[in-house]
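These notes concern the structure reproduced below.
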Amino acid sequence: MERLVCPNCGAALQASRAYVDLITCQYCNVTFHAPKATAPESDLGKLILDADFRQKPIFGWDFPNKDNVQLVNGAPPELRFKYPAKRGLWYALYSSGFFDDVDASVNIKFYADSVDEVSAGIMLRFRKDFGAYMALISPLGTYTLSYYERDAAGQLTWKYLLNWTKHTALKPGLNEVNRLRFVAKKDRLHIYLNDLLATSVRDSLHEAGEVQLVAEASDKSAVEVGFTDLQLREARE
């Protein structure tokens, strides 16, 4: 056993790194990754908002599609979102307030029978009728950085900062857990895949808005995805 320190409250904890990847503090209930060294991850900012998926309501969050959400009280607790075969990006959870510079991370697991044309991820700085940034992953081992903006006709259109790209840090397939971390600091956007920095770009289109968990279905494939260990932190330099 190895003694660790909770990065949120400073409590002393014990965990065996041989089999534990995520550690939940028994004092403040914050979950963090087991460090490779004796100190917790040094680049994590102060926790702003987490989400307890054991029961509703989830303080600080709300459900835009309540009938498609199920809370599974497992280890760890999971928000399970399922949407039928219908093309579009569907919202599973959104923050009650607006945020500008944030560090959002969540574990994602895909279920169901098809891996084609489905995805899930994090949306930052969402404002209705204005747009947002999106970091999405797919069960094919690909990811993208995209955004919504209003066009000349007044319609929200989807555009790519980075089109769908394979990345070796992602574990492809169903029932695989991948951690997506999306950081927005001023005009700098960072995507981490399983703790590896995958993309860093600049864009100043959207400055502040809601944080959302989202999933994308297609005309042929329903999407079923599980979200665990959602954390919203300050974006550090």
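Chains: A, B, ... in order of the structure tokens. Residues: from 1 per chain. Ligands: from 1, in order shown.
Omitting Leu93 of chain A and its sequence neighbours fewer than 3 positions away, and counting only C-alpha atoms, the residues within 6 Å are Asp62, Phe63, Gln212 and Leu213 of chain A.
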With the cut-off set at 10 Å and counting only C-alpha atoms, tabulate each residue of segment 114-195 of chain A with an atom at most that distance from an atom of segment 80-89 of chain A, showing the nearest atom pair and its distance in Å to one decimal, ordered by chain and increasing number, as CSV.
residue,atom,partner,partner_atom,distance
A:Glu117,CA,A:Arg87,CA,9.3
A:Val118,CA,A:Arg87,CA,9.4
A:Ser119,CA,A:Leu89,CA,8.8
A:Ala120,CA,A:Leu89,CA,8.6
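Residues in contact range of Glu149 of chain A, defined as at most 7 Å between only C-alpha atoms, with sequence neighbours fewer than 2 positions away removed, read Phe130, Gly131, Tyr147, Asp151, Leu156, Thr157 and Trp158 of chain A.
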**OP:** Identify, on the basis of only C-alpha atoms, every residue whose closest approach to segment 186-190 of chain A does not exceed 10 Å; exclude the query and any residue fewer than 5 positions from it along the same chain; express the result as a PyMOL selection string.
**Re:** chain A and resi 100-103+133+135+145+181+197-208+235
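Distances here use only C-alpha atoms; by that measure, the residue among A:Gln155, A:Asn65, A:Thr142, A:Asn175 closest to Tyr94 of chain A is A:Asn65.
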**OP:** May I ask which of the residues A:Gly209, A:Pro172, A:Val115, A:Ser221 is the closest one to Ser95 of chain A, counting only C-alpha atoms?
**Re:** A:Gly209
Subject >> Coordinates-based distance that separates atom CA of Arg127 of chain A from atom CA of Val211 of chain A (Å, one decimal) >> reply: 9.6 Å
Original post:
atom CA of Thr24 of chain A to atom CA of Arg236 of chain A: how many Å, to one decimal?
Top reply: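 These two atoms are separated by 22.2 Å.
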Original post:
Which polymer residues have any atom within 10 Å of an atom of Phe59 of chain A, counting only C-alpha atoms, with same-chain residues fewer than 3 positions away left out, as a list in words?
Top reply: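 After dropping sequence-adjacent residues, the list is Leu49, Asp50, Ala51, Asp52, Lys56, Asp62, Ser95 and Ser96 of chain A.
When atom CA of Leu232 of chain A is paired with atom CA of Ala104 of chain A, their separation reads 4.6 Å.
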Original post:
Near Asn163 of chain A, within 9 Å and counting only C-alpha atoms, which residues show up once chain neighbours fewer than 4 positions away are dropped, as a PyMOL selection string?
Top reply: chain A and resi 143-146+159
